[in-house]
$ cat final-v7.cif   # mmCIF, C-alpha atoms
data_coords
#
loop_
_atom_site.group_PDB
_atom_site.id
_atom_site.type_symbol
_atom_site.label_atom_id
_atom_site.label_comp_id
_atom_site.auth_asym_id
_atom_site.auth_seq_id
_atom_site.Cartn_x
_atom_site.Cartn_y
_atom_site.Cartn_z
ATOM 1 C CA MET S 300 -3.337 -17.378 3.153
ATOM 2 C CA THR S 301 -2.203 -16.009 -0.212
ATOM 3 C CA LYS S 302 -2.074 -12.455 -1.478
ATOM 4 C CA GLU S 303 -5.398 -11.298 -2.844
ATOM 5 C CA VAL S 304 -4.912 -8.397 -5.267
ATOM 6 C CA LYS S 305 -2.843 -8.859 -8.436
ATOM 7 C CA VAL S 306 -1.496 -5.510 -9.612
ATOM 8 C CA LEU S 307 0.113 -4.032 -12.735
ATOM 9 C CA ILE S 308 2.067 -0.761 -12.526
ATOM 10 C CA VAL S 309 2.243 1.760 -15.371
ATOM 11 C CA GLU S 310 4.788 4.478 -14.554
ATOM 12 C CA ASP S 311 7.322 6.088 -16.881
ATOM 13 C CA ASP S 312 9.721 7.263 -14.175
ATOM 14 C CA PHE S 313 12.064 4.411 -13.245
ATOM 15 C CA TYR S 314 12.532 5.435 -9.627
ATOM 16 C CA SER S 315 8.823 6.027 -9.025
ATOM 17 C CA ARG S 316 8.024 2.657 -10.570
ATOM 18 C CA GLN S 317 10.538 0.881 -8.345
ATOM 19 C CA TRP S 318 9.257 2.597 -5.194
ATOM 20 C CA MET S 319 5.650 1.716 -6.037
ATOM 21 C CA GLU S 320 6.702 -1.881 -6.543
ATOM 22 C CA LEU S 321 8.530 -1.981 -3.208
ATOM 23 C CA LEU S 322 5.501 -0.629 -1.341
ATOM 24 C CA LEU S 323 3.204 -3.197 -2.947
ATOM 25 C CA ARG S 324 5.523 -6.169 -2.556
ATOM 26 C CA ARG S 325 6.003 -5.435 1.156
ATOM 27 C CA ASP S 326 2.250 -5.553 1.741
ATOM 28 C CA TRP S 327 0.548 -8.868 2.509
ATOM 29 C CA ARG S 328 -2.529 -8.026 0.438
ATOM 30 C CA THR S 329 -0.974 -7.172 -2.922
ATOM 31 C CA GLN S 330 1.063 -9.016 -5.536
ATOM 32 C CA VAL S 331 2.834 -7.248 -8.403
ATOM 33 C CA VAL S 332 2.371 -9.264 -11.606
ATOM 34 C CA GLY S 333 4.003 -6.757 -13.956
ATOM 35 C CA GLU S 334 5.360 -3.242 -14.387
ATOM 36 C CA VAL S 335 5.671 -1.212 -17.592
ATOM 37 C CA ALA S 336 6.820 2.263 -18.552
ATOM 38 C CA ASN S 337 4.120 3.437 -20.966
ATOM 39 C CA PRO S 338 0.596 2.719 -22.301
ATOM 40 C CA THR S 339 1.891 0.910 -25.384
ATOM 41 C CA GLU S 340 3.718 -1.599 -23.182
ATOM 42 C CA LEU S 341 0.619 -1.885 -20.993
ATOM 43 C CA ILE S 342 -1.707 -2.775 -23.858
ATOM 44 C CA SER S 343 0.823 -5.297 -25.163
ATOM 45 C CA LEU S 344 1.153 -6.873 -21.710
ATOM 46 C CA LEU S 345 -2.630 -6.988 -21.225
ATOM 47 C CA HIS S 346 -3.000 -8.800 -24.552
ATOM 48 C CA ASP S 347 -0.265 -11.244 -23.545
ATOM 49 C CA LEU S 348 -1.779 -11.926 -20.127
ATOM 50 C CA HIS S 349 -5.198 -12.362 -21.727
ATOM 51 C CA ARG S 350 -3.818 -14.937 -24.200
ATOM 52 C CA HIS S 351 -2.317 -16.918 -21.332
ATOM 53 C CA SER S 352 -5.454 -16.624 -19.179
ATOM 54 C CA GLU S 353 -3.490 -14.890 -16.436
ATOM 55 C CA SER S 354 -5.561 -12.665 -14.212
ATOM 56 C CA VAL S 355 -5.051 -9.042 -13.232
ATOM 57 C CA ASP S 356 -7.230 -7.338 -10.643
ATOM 58 C CA LEU S 357 -6.040 -3.748 -10.783
ATOM 59 C CA VAL S 358 -3.803 -1.512 -12.897
ATOM 60 C CA ILE S 359 -2.102 1.517 -11.338
ATOM 61 C CA ILE S 360 -1.631 4.169 -14.024
ATOM 62 C CA ASP S 361 0.429 7.322 -13.813
ATOM 63 C CA THR S 362 -1.748 9.755 -15.792
ATOM 64 C CA GLU S 363 1.134 12.173 -16.457
ATOM 65 C CA ILE S 364 3.029 9.906 -18.836
ATOM 66 C CA PRO S 365 3.777 11.949 -21.982
ATOM 67 C CA GLN S 366 1.406 10.639 -24.639
ATOM 68 C CA ASP S 367 -1.519 11.805 -26.768
ATOM 69 C CA ASP S 368 -4.764 12.870 -25.087
ATOM 70 C CA HIS S 369 -6.665 9.678 -25.908
ATOM 71 C CA TRP S 370 -4.554 6.870 -24.524
ATOM 72 C CA LEU S 371 -6.409 6.490 -21.214
ATOM 73 C CA ARG S 372 -9.702 5.962 -23.033
ATOM 74 C CA GLU S 373 -7.979 3.450 -25.324
ATOM 75 C CA VAL S 374 -6.796 1.525 -22.282
ATOM 76 C CA LEU S 375 -10.316 1.568 -20.859
ATOM 77 C CA GLU S 376 -11.639 0.195 -24.144
ATOM 78 C CA VAL S 377 -9.052 -2.611 -24.230
ATOM 79 C CA ILE S 378 -9.980 -3.588 -20.683
ATOM 80 C CA ARG S 379 -13.706 -3.415 -21.482
ATOM 81 C CA ILE S 380 -13.222 -5.835 -24.377
ATOM 82 C CA GLN S 381 -10.793 -8.237 -22.704
ATOM 83 C CA ASN S 382 -11.812 -8.267 -19.074
ATOM 84 C CA HIS S 383 -14.401 -5.869 -17.784
ATOM 85 C CA GLU S 384 -13.539 -6.726 -14.166
ATOM 86 C CA VAL S 385 -10.034 -5.212 -14.240
ATOM 87 C CA LEU S 386 -9.924 -1.986 -12.227
ATOM 88 C CA LEU S 387 -7.882 1.153 -12.858
ATOM 89 C CA LEU S 388 -6.387 3.358 -10.158
ATOM 90 C CA PHE S 389 -5.065 6.673 -11.468
ATOM 91 C CA VAL S 390 -2.125 8.421 -9.793
ATOM 92 C CA SER S 391 -0.554 11.787 -10.537
ATOM 93 C CA VAL S 392 1.404 14.621 -8.979
ATOM 94 C CA ALA S 393 -1.137 17.366 -9.722
ATOM 95 C CA PRO S 394 -4.936 17.055 -9.964
ATOM 96 C CA ASN S 395 -6.452 16.997 -13.433
ATOM 97 C CA LEU S 396 -10.178 17.586 -13.867
ATOM 98 C CA GLN S 397 -10.368 15.686 -17.166
ATOM 99 C CA ILE S 398 -8.812 12.633 -15.531
ATOM 100 C CA ALA S 399 -11.051 13.007 -12.494
ATOM 101 C CA GLN S 400 -14.148 12.948 -14.689
ATOM 102 C CA LEU S 401 -13.167 9.436 -15.801
ATOM 103 C CA LEU S 402 -14.166 8.315 -12.306
ATOM 104 C CA ARG S 403 -17.648 7.942 -13.769
ATOM 105 C CA GLN S 404 -16.354 5.008 -15.837
ATOM 106 C CA PRO S 405 -17.208 1.660 -14.190
ATOM 107 C CA ASN S 406 -13.644 0.311 -14.401
ATOM 108 C CA VAL S 407 -12.064 3.341 -12.721
ATOM 109 C CA ALA S 408 -11.632 2.538 -9.041
ATOM 110 C CA GLY S 409 -10.030 5.799 -7.950
ATOM 111 C CA TYR S 410 -7.739 8.744 -8.455
ATOM 112 C CA ILE S 411 -5.027 9.679 -5.962
ATOM 113 C CA LEU S 412 -2.200 12.204 -5.765
ATOM 114 C CA LYS S 413 1.262 10.842 -5.038
ATOM 115 C CA GLY S 414 2.100 13.513 -2.465
ATOM 116 C CA GLU S 415 -1.110 12.765 -0.559
ATOM 117 C CA ILE S 416 -1.194 8.964 -0.612
ATOM 118 C CA CYS S 417 2.538 8.774 0.226
ATOM 119 C CA HIS S 418 3.425 5.336 1.636
ATOM 120 C CA ALA S 419 -0.206 4.153 1.757
ATOM 121 C CA LEU S 420 -0.340 3.013 -1.885
ATOM 122 C CA ALA S 421 -1.029 -0.635 -1.007
ATOM 123 C CA TRP S 422 -3.908 0.457 1.219
ATOM 124 C CA ALA S 423 -5.416 2.342 -1.723
ATOM 125 C CA VAL S 424 -5.066 -0.738 -3.929
ATOM 126 C CA ALA S 425 -6.498 -3.146 -1.344
ATOM 127 C CA LEU S 426 -9.499 -0.925 -0.613
ATOM 128 C CA ALA S 427 -10.129 -0.248 -4.314
ATOM 129 C CA ALA S 428 -10.267 -4.007 -4.890
ATOM 130 C CA GLU S 429 -13.082 -4.186 -2.331
ATOM 131 C CA ASP S 430 -15.385 -2.306 -4.720
ATOM 132 C CA LYS S 431 -14.730 1.058 -3.079
ATOM 133 C CA LYS S 432 -14.073 4.319 -4.922
ATOM 134 C CA ILE S 433 -10.741 5.707 -3.711
ATOM 135 C CA LEU S 434 -9.792 9.396 -3.702
ATOM 136 C CA SER S 435 -7.071 11.424 -2.067
ATOM 137 C CA PRO S 436 -8.007 14.753 -0.437
ATOM 138 C CA GLY S 437 -6.973 16.943 -3.374
ATOM 139 C CA ILE S 438 -9.125 14.974 -5.812
ATOM 140 C CA TYR S 439 -12.066 15.055 -3.437
ATOM 141 C CA ASP S 440 -11.724 18.839 -3.103
ATOM 142 C CA LEU S 441 -11.566 19.134 -6.889
ATOM 143 C CA LEU S 442 -14.816 17.226 -7.369
ATOM 144 C CA LYS S 443 -16.954 17.725 -4.287
ATOM 145 C CA GLY S 444 -18.946 20.585 -5.811
ATOM 146 C CA ASP S 445 -19.558 18.912 -9.162
ATOM 147 C CA LEU S 446 -19.846 15.175 -8.704
ATOM 148 C CA SER S 447 -22.202 13.033 -6.691
ATOM 149 C CA PHE S 448 -20.109 10.336 -5.075
ATOM 150 C CA PRO S 449 -21.239 6.722 -5.035
ATOM 151 C CA SER S 450 -21.639 4.846 -1.797
ATOM 152 C CA LYS S 451 -18.412 3.359 -0.438
ATOM 153 C CA THR S 452 -16.337 6.345 -1.556
ATOM 154 C CA LEU S 453 -13.257 6.667 0.649
ATOM 155 C CA VAL S 454 -10.838 9.577 0.974
ATOM 156 C CA LEU S 455 -7.363 8.359 1.924
ATOM 157 C CA ASP S 456 -4.699 10.654 3.351
ATOM 158 C CA GLY S 457 -1.285 9.073 3.879
ATOM 159 C CA ARG S 458 0.515 12.242 4.980
ATOM 160 C CA ASN S 459 -0.238 12.124 8.683
ATOM 161 C CA PRO S 460 1.999 9.938 10.878
ATOM 162 C CA VAL S 461 0.267 7.159 12.779
ATOM 163 C CA ALA S 462 2.574 7.678 15.752
ATOM 164 C CA ASN S 463 4.065 10.647 17.548
ATOM 165 C CA PHE S 464 7.456 10.300 15.911
ATOM 166 C CA SER S 465 10.224 12.870 16.026
ATOM 167 C CA PRO S 466 12.095 13.543 12.757
ATOM 168 C CA ARG S 467 14.795 11.128 13.955
ATOM 169 C CA ASP S 468 12.194 8.473 14.769
ATOM 170 C CA THR S 469 10.673 8.967 11.330
ATOM 171 C CA GLU S 470 14.031 8.398 9.670
ATOM 172 C CA ALA S 471 14.735 5.301 11.766
ATOM 173 C CA SER S 472 11.277 3.833 11.104
ATOM 174 C CA ARG S 473 11.726 4.322 7.362
ATOM 175 C CA LEU S 474 15.065 2.506 7.395
ATOM 176 C CA ALA S 475 13.938 -0.260 9.749
ATOM 177 C CA PHE S 476 10.397 -0.900 8.538
ATOM 178 C CA MET S 477 10.206 0.383 4.956
ATOM 179 C CA PHE S 478 13.616 -0.877 3.878
ATOM 180 C CA SER S 479 13.906 -3.681 6.478
ATOM 181 C CA MET S 480 17.505 -2.619 6.964
ATOM 182 C CA GLU S 481 19.793 -4.678 9.170
ATOM 183 C CA ARG S 482 20.612 -2.973 12.459
ATOM 184 C CA ARG S 483 24.295 -2.666 11.604
ATOM 185 C CA ASP S 484 23.457 -0.854 8.363
ATOM 186 C CA LEU S 485 20.825 1.290 10.065
ATOM 187 C CA ALA S 486 23.357 2.329 12.680
ATOM 188 C CA ASP S 487 25.863 3.210 9.978
ATOM 189 C CA GLU S 488 23.322 5.338 8.087
ATOM 190 C CA MET S 489 22.217 7.177 11.229
ATOM 191 C CA MET S 490 25.746 7.431 12.652
ATOM 192 C CA ILE S 491 24.869 5.733 15.912
ATOM 193 C CA SER S 492 26.218 2.625 17.613
ATOM 194 C CA GLU S 493 24.784 -0.744 16.671
ATOM 195 C CA ASP S 494 23.752 -1.382 20.284
ATOM 196 C CA TYR S 495 21.882 1.922 20.371
ATOM 197 C CA SER S 496 20.078 1.073 17.117
ATOM 198 C CA PHE S 497 18.436 -1.956 18.755
ATOM 199 C CA GLY S 498 17.072 0.190 21.583
ATOM 200 C CA LEU S 499 15.920 2.834 19.117
ATOM 201 C CA VAL S 500 13.922 0.357 17.046
ATOM 202 C CA SER S 501 12.427 -1.166 20.198
ATOM 203 C CA SER S 502 11.195 2.285 21.210
ATOM 204 C CA LEU S 503 9.581 2.686 17.779
ATOM 205 C CA TYR S 504 7.559 -0.494 18.291
ATOM 206 C CA GLU S 505 6.257 0.953 21.542
ATOM 207 C CA LYS S 506 5.432 4.392 20.097
ATOM 208 C CA LEU S 507 3.755 2.831 17.084
ATOM 209 C CA GLY S 508 1.455 0.797 19.323
ATOM 210 C CA LEU S 509 2.644 -2.553 17.982
ATOM 211 C CA ASN S 510 3.544 -3.841 21.422
ATOM 212 C CA ASP S 511 0.007 -3.028 22.620
ATOM 213 C CA LEU S 512 -1.374 -5.244 19.841
ATOM 214 C CA ILE S 513 1.018 -8.078 20.643
ATOM 215 C CA ARG S 514 0.216 -7.900 24.350
ATOM 216 C CA GLY S 515 -3.511 -7.870 23.572
ATOM 217 C CA ASP S 516 -4.051 -4.477 25.191
ATOM 218 C CA VAL S 517 -5.571 -3.325 21.878
ATOM 219 C CA GLY S 518 -7.653 -5.617 19.665
ATOM 220 C CA LEU S 519 -6.749 -6.176 16.031
ATOM 221 C CA ASP S 520 -10.287 -5.150 15.037
ATOM 222 C CA GLN S 521 -9.671 -1.722 16.538
ATOM 223 C CA ILE S 522 -6.773 -1.049 14.158
ATOM 224 C CA PHE S 523 -7.381 -3.288 11.156
ATOM 225 C CA ALA S 524 -11.157 -3.511 10.875
ATOM 226 C CA ASP S 525 -12.280 -5.245 7.660
ATOM 227 C CA GLN S 526 -8.700 -6.266 6.777
ATOM 228 C CA PRO S 527 -8.726 -10.061 7.299
ATOM 229 C CA VAL S 528 -5.404 -10.691 5.524
ATOM 230 C CA ILE S 529 -3.529 -8.334 7.834
ATOM 231 C CA GLN S 530 -5.330 -9.696 10.878
ATOM 232 C CA PHE S 531 -4.459 -13.252 9.868
ATOM 233 C CA HIS S 532 -0.719 -12.505 9.612
ATOM 234 C CA PHE S 533 -0.711 -10.411 12.780
ATOM 235 C CA GLN S 534 -2.374 -13.200 14.703
ATOM 236 C CA GLN S 535 0.167 -15.738 13.451
ATOM 237 C CA VAL S 536 3.075 -13.700 14.788
ATOM 238 C CA ILE S 537 1.282 -12.862 18.026
ATOM 239 C CA ASP S 538 0.516 -16.545 18.614
ATOM 240 C CA PHE S 539 4.144 -17.479 17.937
ATOM 241 C CA ILE S 540 5.487 -14.880 20.351
ATOM 242 C CA LYS S 541 3.098 -16.115 23.050
ATOM 243 C CA THR S 542 4.207 -19.694 22.384
ATOM 244 C CA ARG S 543 7.838 -18.591 22.614
ATOM 245 C CA LYS S 544 7.275 -17.199 26.083
ATOM 246 C CA ASP S 545 5.919 -20.574 27.200
ATOM 247 C CA ASP S 546 8.635 -22.631 25.552
ATOM 248 C CA GLU S 547 12.165 -21.840 26.633
ATOM 249 C CA LYS S 548 13.479 -24.564 24.330
ATOM 250 C CA ALA S 549 12.078 -23.021 21.148
ATOM 251 C CA ASP S 550 14.386 -22.910 18.157
ATOM 252 C CA ASP S 551 16.335 -19.624 18.348
ATOM 253 C CA THR S 552 16.775 -19.477 14.573
ATOM 254 C CA LYS S 553 13.049 -19.800 13.994
ATOM 255 C CA PHE S 554 12.407 -17.162 16.632
ATOM 256 C CA LYS S 555 14.748 -14.710 14.928
ATOM 257 C CA LEU S 556 12.919 -15.226 11.654
ATOM 258 C CA LYS S 557 9.618 -14.466 13.354
ATOM 259 C CA VAL S 558 11.071 -11.384 15.021
ATOM 260 C CA LYS S 559 11.961 -10.240 11.505
ATOM 261 C CA ASP S 560 8.254 -10.526 10.731
ATOM 262 C CA LYS S 561 7.689 -7.947 13.450
ATOM 263 C CA GLU S 562 9.162 -5.354 11.091
ATOM 264 C CA THR S 563 6.532 -6.289 8.519
ATOM 265 C CA LEU S 564 3.833 -5.890 11.144
ATOM 266 C CA ALA S 565 5.187 -2.424 11.847
ATOM 267 C CA TYR S 566 5.259 -1.693 8.108
ATOM 268 C CA HIS S 567 1.513 -2.311 7.799
ATOM 269 C CA MET S 568 0.824 0.006 10.733
ATOM 270 C CA LEU S 569 3.226 2.678 9.522
ATOM 271 C CA THR S 570 1.686 2.817 6.041
ATOM 272 C CA MET S 571 -1.922 2.958 7.212
ATOM 273 C CA PRO S 572 -3.622 6.172 5.995
ATOM 274 C CA LEU S 573 -6.336 8.278 7.541
ATOM 275 C CA ILE S 574 -9.544 6.929 5.998
ATOM 276 C CA GLU S 575 -12.717 9.001 5.679
ATOM 277 C CA GLU S 576 -15.919 7.582 4.222
ATOM 278 C CA ILE S 577 -18.026 9.980 2.135
ATOM 279 C CA ASN S 578 -21.759 9.459 2.550
ATOM 280 C CA ARG S 579 -23.711 11.672 0.176
#

$ encode --input "final-v7.cif" --output "structure tokens"
Amino acid sequence: MTKEVKVLIVEDDFYSRQWMELLLRRDWRTQVVGEVANPTELISLLHDLHRHSESVDLVIIDTEIPQDDHWLREVLEVIRIQNHEVLLLFVSVAPNLQIAQLLRQPNVAGYILKGEICHALAWAVALAAEDKKILSPGIYDLLKGDLSFPSKTLVLDGRNPVANFSPRDTEASRLAFMFSMERRDLADEMMISEDYSFGLVSSLYEKLGLNDLIRGDVGLDQIFADQPVIQFHFQQVIDFIKTRKDDEKADDTKFKLKVKDKETLAYHMLTMPLIEEINR
């Protein structure tokens, strides 16, 4: 099963752009096909992709890039002319009512605040690609008195932890699952022994609920409803682990590679936001 959503990133801050790319590349549902620093580069890249008949599903745009007041509408016009199916997802630090009002445009799939979506960016992209309007709580609060929301509007909040992690657990989970850091390096960063780091990460799997999914105590539909790509990959790893238990002669190297996939499973659970559907 291949990745489904092809994404472009428009972000002027180098570090923000790199972090967005990391979050999207780690997710099974999204594929980064380009990243640019400003609207001029975006329009040029869109023209180039159009000439080569290369598809783009969604463009993430930082709306706080220093530019004139009209560039977002120019981008919308370019997309309307070239490919009316390309979606835009706006991101910013602070809410902006003028930007929020562009949600009425058919190509605008959502508007989210960076400090509210946090690590759940790929979830926002994947859900936006399913023809849902995506907001973060601050944007919803900004608009709820003035705008009638279409059906399938979702409010995503990535600030709340999905597990009862202590601050130390949170740090370890970020290093192990976000950065996929080797245990030796994780131990060095946290100033613990390498042996202890293995036990620490094992405890995170339990607290996160991943072991419950692998054991079958909790169904995949209960956690990842309507996310077939994630369910497909989860089931592959679960099936392999079950096979491993029944086959003592399994290739140890292959098993270690699959155990590495367990970190990616944890990543998809760790980045899952609180999702609220707005029906009005």

$ resolve_selection --input "final-v7.cif" --expression "the PyMOL selection byres ((chain S and resi 375-378) around 10)" --output "list in words"
Ile342, Leu345, His346, Trp370, Leu371, Arg372, Glu373, Val374, Arg379, Ile380, Gln381, Asn382, His383, Glu384, Val385, Leu386, Leu387, Leu401, Gln404, Pro405, Asn406 and Val407 of chain S

$ closest_atom_pairs --input "final-v7.cif" --of "range 300-412 of chain S" --to "range 434-442 of chain S" --cutoff "9 Å" --atoms "all atoms listed in the file" --output "CSV"
residue,atom,partner,partner_atom,distance
S:Ala393,CA,S:Gly437,CA,8.6
S:Pro394,CA,S:Ile438,CA,6.3
S:Asn395,CA,S:Ile438,CA,8.3
S:Leu396,CA,S:Leu441,CA,7.3
S:Ala399,CA,S:Ile438,CA,7.2
S:Gln400,CA,S:Leu442,CA,8.5
S:Ala408,CA,S:Leu434,CA,8.9
S:Gly409,CA,S:Leu434,CA,5.6
S:Tyr410,CA,S:Leu434,CA,5.2
S:Ile411,CA,S:Ser435,CA,4.7
S:Leu412,CA,S:Ser435,CA,6.2

$ axis_aligned_box --input "final-v7.cif" --around "range 382-396 of chain S" --padding-each-side "4 Å" --output "JSON"
{"center_x": -6.5, "center_y": 4.7, "center_z": -14.0, "size_x": 23.8, "size_y": 33.9, "size_z": 18.1}

$ residues_around --input "final-v7.cif" --residues "Gln535 in chain S" --least-positions-apart "3" --cutoff "12 Å" --atoms "only C-alpha atoms" --output "ChimeraX atom specification"
/S:300,513,528-532,538-542,557-558,560-561,564

$ write_last_selection --input "final-v7.cif" --atoms "C-alpha atoms" --output "PDB file, in the coordinates of the input"
ATOM      1  CA  MET S 300      -3.337 -17.378   3.153  1.00  0.00           C
ATOM      2  CA  ILE S 513       1.018  -8.078  20.643  1.00  0.00           C
ATOM      3  CA  VAL S 528      -5.404 -10.691   5.524  1.00  0.00           C
ATOM      4  CA  ILE S 529      -3.529  -8.334   7.834  1.00  0.00           C
ATOM      5  CA  GLN S 530      -5.330  -9.696  10.878  1.00  0.00           C
ATOM      6  CA  PHE S 531      -4.459 -13.252   9.868  1.00  0.00           C
ATOM      7  CA  HIS S 532      -0.719 -12.505   9.612  1.00  0.00           C
ATOM      8  CA  ASP S 538       0.516 -16.545  18.614  1.00  0.00           C
ATOM      9  CA  PHE S 539       4.144 -17.479  17.937  1.00  0.00           C
ATOM     10  CA  ILE S 540       5.487 -14.880  20.351  1.00  0.00           C
ATOM     11  CA  LYS S 541       3.098 -16.115  23.050  1.00  0.00           C
ATOM     12  CA  THR S 542       4.207 -19.694  22.384  1.00  0.00           C
ATOM     13  CA  LYS S 557       9.618 -14.466  13.354  1.00  0.00           C
ATOM     14  CA  VAL S 558      11.071 -11.384  15.021  1.00  0.00           C
ATOM     15  CA  ASP S 560       8.254 -10.526  10.731  1.00  0.00           C
ATOM     16  CA  LYS S 561       7.689  -7.947  13.450  1.00  0.00           C
ATOM     17  CA  LEU S 564       3.833  -5.890  11.144  1.00  0.00           C
TER      18      LEU S 564
END

$ resolve_selection --input "final-v7.cif" --expression "the PyMOL selection byres ((chain S and resi 478) around 10)" --output "list of chain:residue names"
S:Leu321, S:Leu322, S:Arg325, S:Ser472, S:Arg473, S:Leu474, S:Ala475, S:Phe476, S:Met477, S:Ser479, S:Met480, S:Glu481, S:Leu485, S:Glu562, S:Tyr566

$ residues_around --input "final-v7.cif" --residues "range 448-456 of chain S" --least-positions-apart "3" --cutoff "7 Å" --atoms "only C-alpha atoms" --output "ChimeraX atom specification"
/S:415-416,431-436,572-579

$ residues_near_point --input "final-v7.cif" --point "(-1.5, 2.3, -10.2)" --cutoff "10 Å" --atoms "only C-alpha atoms" --output "list in words"
Val306, Leu307, Ile308, Val309, Glu310, Arg316, Met319, Glu320, Glu334, Leu357, Val358, Ile359, Ile360, Asp361, Thr362, Leu386, Leu387, Leu388, Phe389, Val390, Ser391, Gly409, Tyr410, Ile411, Leu420, Ala421, Ala423 and Val424 of chain S

$ closest_residue --input "final-v7.cif" --among "S:Ala565, S:Leu519, S:Leu509, S:Val392" --to "Gly414 in chain S" --atoms "all atoms listed in the file"
S:Val392

$ closest_residue --input "final-v7.cif" --among "S:Ala427, S:Cys417, S:Ala471, S:Leu503" --to "Thr329 in chain S" --atoms "all atoms listed in the file"
S:Ala427

$ atom_distance --input "final-v7.cif" --atom1 "CA of Tyr495 in chain S" --atom2 "CA of Thr469 in chain S"
16.0 Å

$ closest_residue --input "final-v7.cif" --among "S:Asp312, S:Met571, S:Ser354, S:Arg324" --to "Asn337 in chain S" --atoms "only C-alpha atoms"
S:Asp312

$ atom_distance --input "final-v7.cif" --atom1 "CA of Ala419 in chain S" --atom2 "CA of Thr339 in chain S"
27.4 Å

$ build_atoms --input "final-v7.cif" --residues "range 464-481 of chain S" --atoms "N, CA and C atoms" --output "mmCIF file, in the coordinates of the input"
data_model
loop_
_atom_site.group_PDB
_atom_site.id
_atom_site.type_symbol
_atom_site.label_atom_id
_atom_site.label_comp_id
_atom_site.auth_asym_id
_atom_site.auth_seq_id
_atom_site.Cartn_x
_atom_site.Cartn_y
_atom_site.Cartn_z
ATOM 1 N N PHE S 464 6.037 10.476 16.180
ATOM 2 C CA PHE S 464 7.456 10.300 15.911
ATOM 3 C C PHE S 464 8.154 11.644 15.756
ATOM 4 N N SER S 465 9.352 11.730 16.296
ATOM 5 C CA SER S 465 10.224 12.870 16.026
ATOM 6 C C SER S 465 10.814 12.689 14.623
ATOM 7 N N PRO S 466 11.439 13.723 14.063
ATOM 8 C CA PRO S 466 12.095 13.543 12.757
ATOM 9 C C PRO S 466 13.103 12.392 12.764
ATOM 10 N N ARG S 467 13.821 12.230 13.858
ATOM 11 C CA ARG S 467 14.795 11.128 13.955
ATOM 12 C C ARG S 467 14.085 9.778 14.001
ATOM 13 N N ASP S 468 12.978 9.706 14.744
ATOM 14 C CA ASP S 468 12.194 8.473 14.769
ATOM 15 C C ASP S 468 11.658 8.145 13.377
ATOM 16 N N THR S 469 11.220 9.167 12.674
ATOM 17 C CA THR S 469 10.673 8.967 11.330
ATOM 18 C C THR S 469 11.731 8.384 10.399
ATOM 19 N N GLU S 470 12.939 8.920 10.495
ATOM 20 C CA GLU S 470 14.031 8.398 9.670
ATOM 21 C C GLU S 470 14.336 6.947 10.036
ATOM 22 N N ALA S 471 14.424 6.663 11.328
ATOM 23 C CA ALA S 471 14.735 5.301 11.766
ATOM 24 C C ALA S 471 13.641 4.322 11.360
ATOM 25 N N SER S 472 12.379 4.731 11.472
ATOM 26 C CA SER S 472 11.277 3.833 11.104
ATOM 27 C C SER S 472 11.280 3.547 9.607
ATOM 28 N N ARG S 473 11.657 4.534 8.803
ATOM 29 C CA ARG S 473 11.726 4.322 7.362
ATOM 30 C C ARG S 473 12.814 3.300 7.018
ATOM 31 N N LEU S 474 13.971 3.434 7.661
ATOM 32 C CA LEU S 474 15.065 2.506 7.395
ATOM 33 C C LEU S 474 14.752 1.102 7.917
ATOM 34 N N ALA S 475 14.174 1.042 9.110
ATOM 35 C CA ALA S 475 13.938 -0.260 9.749
ATOM 36 C C ALA S 475 12.737 -0.989 9.169
ATOM 37 N N PHE S 476 11.647 -0.255 8.909
ATOM 38 C CA PHE S 476 10.397 -0.900 8.538
ATOM 39 C C PHE S 476 10.093 -0.827 7.043
ATOM 40 N N MET S 477 10.423 0.285 6.396
ATOM 41 C CA MET S 477 10.206 0.383 4.956
ATOM 42 C C MET S 477 11.257 -0.425 4.195
ATOM 43 N N PHE S 478 12.512 -0.221 4.579
ATOM 44 C CA PHE S 478 13.616 -0.877 3.878
ATOM 45 C C PHE S 478 14.054 -2.178 4.541
ATOM 46 N N SER S 479 13.522 -2.478 5.723
ATOM 47 C CA SER S 479 13.906 -3.681 6.478
ATOM 48 C C SER S 479 15.424 -3.792 6.580
ATOM 49 N N MET S 480 16.049 -2.694 6.935
ATOM 50 C CA MET S 480 17.505 -2.619 6.964
ATOM 51 C C MET S 480 18.060 -3.312 8.210
ATOM 52 N N GLU S 481 19.132 -4.048 8.032
ATOM 53 C CA GLU S 481 19.793 -4.678 9.170
ATOM 54 C C GLU S 481 20.264 -3.603 10.148
#
